[in-house]
Amino acid sequence: MQGFNKYYPPDFDPEKHGSLNSYRGKHALGDRARKIDQGILITRFELPFNIWCGTCNNHIGMGVRYNAEKKKIGNYYSTPIYSFRCKCHLCDGWFEIQTDPKNTRYVVVSGARQKDEDWDPEENGGFAVHETDPNQGPVDPLAALEKSTDAQNHMNNVQIPRLEALQDLSDHYASDPYSHSLRVRKRFREQKKIDKAREEVDERIKSTYGLPETLALTADDEESKSKAKKEWERARQAMEDQMSAKRRKLGAEIAIVPGPSSSRLSTSRVAPSRTSGRGGGDAVSALRAKILGNTARQSGSSSGLGRLKPPDVKGTKGGLVKRI
């Protein structure tokens with residue numbers, strides 16, 4: 001039994017035994033280290049490719065796992081070369097696979113043969129990774145040199161100055177962070193006070209004139225004053241144009257209204273016309289004149305035009321015009 005627990009026997013001496021594994025005569029790796037004295041370690045190995053066993057000539061697929069005997073057999077420079085010796089699960093034959101650090105691959109050494117499955121681009125109608133164009137000629141060394149020269153000039157003229165400018169800017173802001181932070185916070189406090197005072201003034205104006213809370217008031221500066229003045233002048237001009245048009249219209253209506261003398265004359269003419277039997281057209285004319293006179297007086301009284309003198313009603317005959 002391996003000493004995986006915290007129990008220490010009464011005769012255990014740490015200075016003499018060192019550890020529980022030494023006391024029980026066991027290795028820390030257990031049964032995997034049964035050949036550790038020969039430099040062999042039992043490890044789990046997975047086949048990296050398809051093989052045929054050399055003893056039973058059976059096919060063994062890629063990915064089959066074995067308890068292989070791992071052993072170091074040499075070095076390629078400073079990289080160790082390992083050998084994995086496995087026993088076929090279909091027979092009692094052994095096969096050995098080694099690492100090849102030089103070509104970064106595995107190599108079957110003995111006991112089996114590897115299935116050749118290297119993909120050839122030419123046989124499959126493709127091209128190699130480094131040959132994208134089969135009709136491409138040899139590389140021009142002068143063109144490659146010119147390309148590298150252009151890249152070097154772009155780096156020296158554009159990239160390096162830009163990086164230096166960014167570095168200088170970073171050094172400028174990071175030289176004294178306390179003073180920069182102090183200046184920024186001071187400016188924020190001043191701006192906050194100004195904004196708060198402006199909000200108080202706006203709230204006072206809204207509460208005084210009963211304006212809605214969601215109404216945004218503009219700042220009282222020269223630009224807003226000039227805009228307000230231009231808008232006021234535009235509205236005043238529009239109002240004056242409207243009033244002048246109304247006056248012209250009233251003047252045109254008043255021009256066709258007959259005066260008091262004409263009304264007397266028209267009324268004096270109405271009576272004989274009735275007696276003479278031609279009263280059809282004259283009666284209509286007198287009625288139209290009366291309606292126009294009433295309309296003119298109503299328009300003048302509503303628009304504040306007191307200069308117009310109403311016609312003399314007392315002097316009219318027949319009572320065709322009534323006082324309003």
# chains A, B, ... in the order shown; residues from 1 in each chain; ligands from 1
>>> residues_around(residues="Ala252 of chain A", least_positions_apart="6", cutoff="12 Å", atoms="only C-alpha atoms", output="PyMOL selection string")
chain A and resi 245-246+292+296
>>> write_last_selection(atoms="all heavy atoms", output="mmCIF file, in the first residue's frame")
data_model
loop_
_atom_site.group_PDB
_atom_site.id
_atom_site.type_symbol
_atom_site.label_atom_id
_atom_site.label_comp_id
_atom_site.auth_asym_id
_atom_site.auth_seq_id
_atom_site.Cartn_x
_atom_site.Cartn_y
_atom_site.Cartn_z
ATOM 1 N N ALA A 245 -51.684 96.396 -45.300
ATOM 2 C CA ALA A 245 -52.565 95.729 -46.259
ATOM 3 C C ALA A 245 -54.025 95.873 -45.850
ATOM 4 O O ALA A 245 -54.916 96.080 -46.702
ATOM 5 C CB ALA A 245 -52.182 94.253 -46.370
ATOM 6 N N LYS A 246 -54.265 95.783 -44.543
ATOM 7 C CA LYS A 246 -55.649 95.943 -44.069
ATOM 8 C C LYS A 246 -56.143 97.369 -44.313
ATOM 9 O O LYS A 246 -57.297 97.591 -44.704
ATOM 10 C CB LYS A 246 -55.720 95.581 -42.594
ATOM 11 C CG LYS A 246 -57.138 95.585 -42.042
ATOM 12 C CD LYS A 246 -57.134 95.246 -40.563
ATOM 13 C CE LYS A 246 -56.687 93.811 -40.338
ATOM 14 N NZ LYS A 246 -56.815 93.435 -38.901
ATOM 15 N N LEU A 292 -73.182 98.818 -48.242
ATOM 16 C CA LEU A 292 -71.767 99.201 -48.238
ATOM 17 C C LEU A 292 -71.488 100.263 -47.184
ATOM 18 O O LEU A 292 -70.442 100.271 -46.540
ATOM 19 C CB LEU A 292 -71.370 99.701 -49.631
ATOM 20 C CG LEU A 292 -71.330 98.643 -50.745
ATOM 21 C CD1 LEU A 292 -71.011 99.301 -52.081
ATOM 22 C CD2 LEU A 292 -70.305 97.572 -50.419
ATOM 23 N N ALA A 296 -68.869 99.763 -44.043
ATOM 24 C CA ALA A 296 -67.760 100.699 -43.855
ATOM 25 C C ALA A 296 -67.772 101.269 -42.460
ATOM 26 O O ALA A 296 -66.729 101.404 -41.810
ATOM 27 C CB ALA A 296 -67.820 101.806 -44.909
#
>>> select_by_dssp(residues="segment 71-221 of chain A", states="strand (DSSP E)", output="PyMOL selection string")
chain A and resi 71-76+79-87+94-100+105-110+112-114
>>> atom_distance(atom1="atom CA of Tyr106 of chain A", atom2="atom CA of Lys35 of chain A")
23.7 Å
>>> atom_distance(atom1="atom CA of Glu69 of chain A", atom2="atom CA of Cys88 of chain A")
12.8 Å
>>> closest_residue(among="A:Ser170, A:Asn67, A:Thr55, A:Gln159", to="Phe95 of chain A", atoms="only C-alpha atoms")
A:Thr55
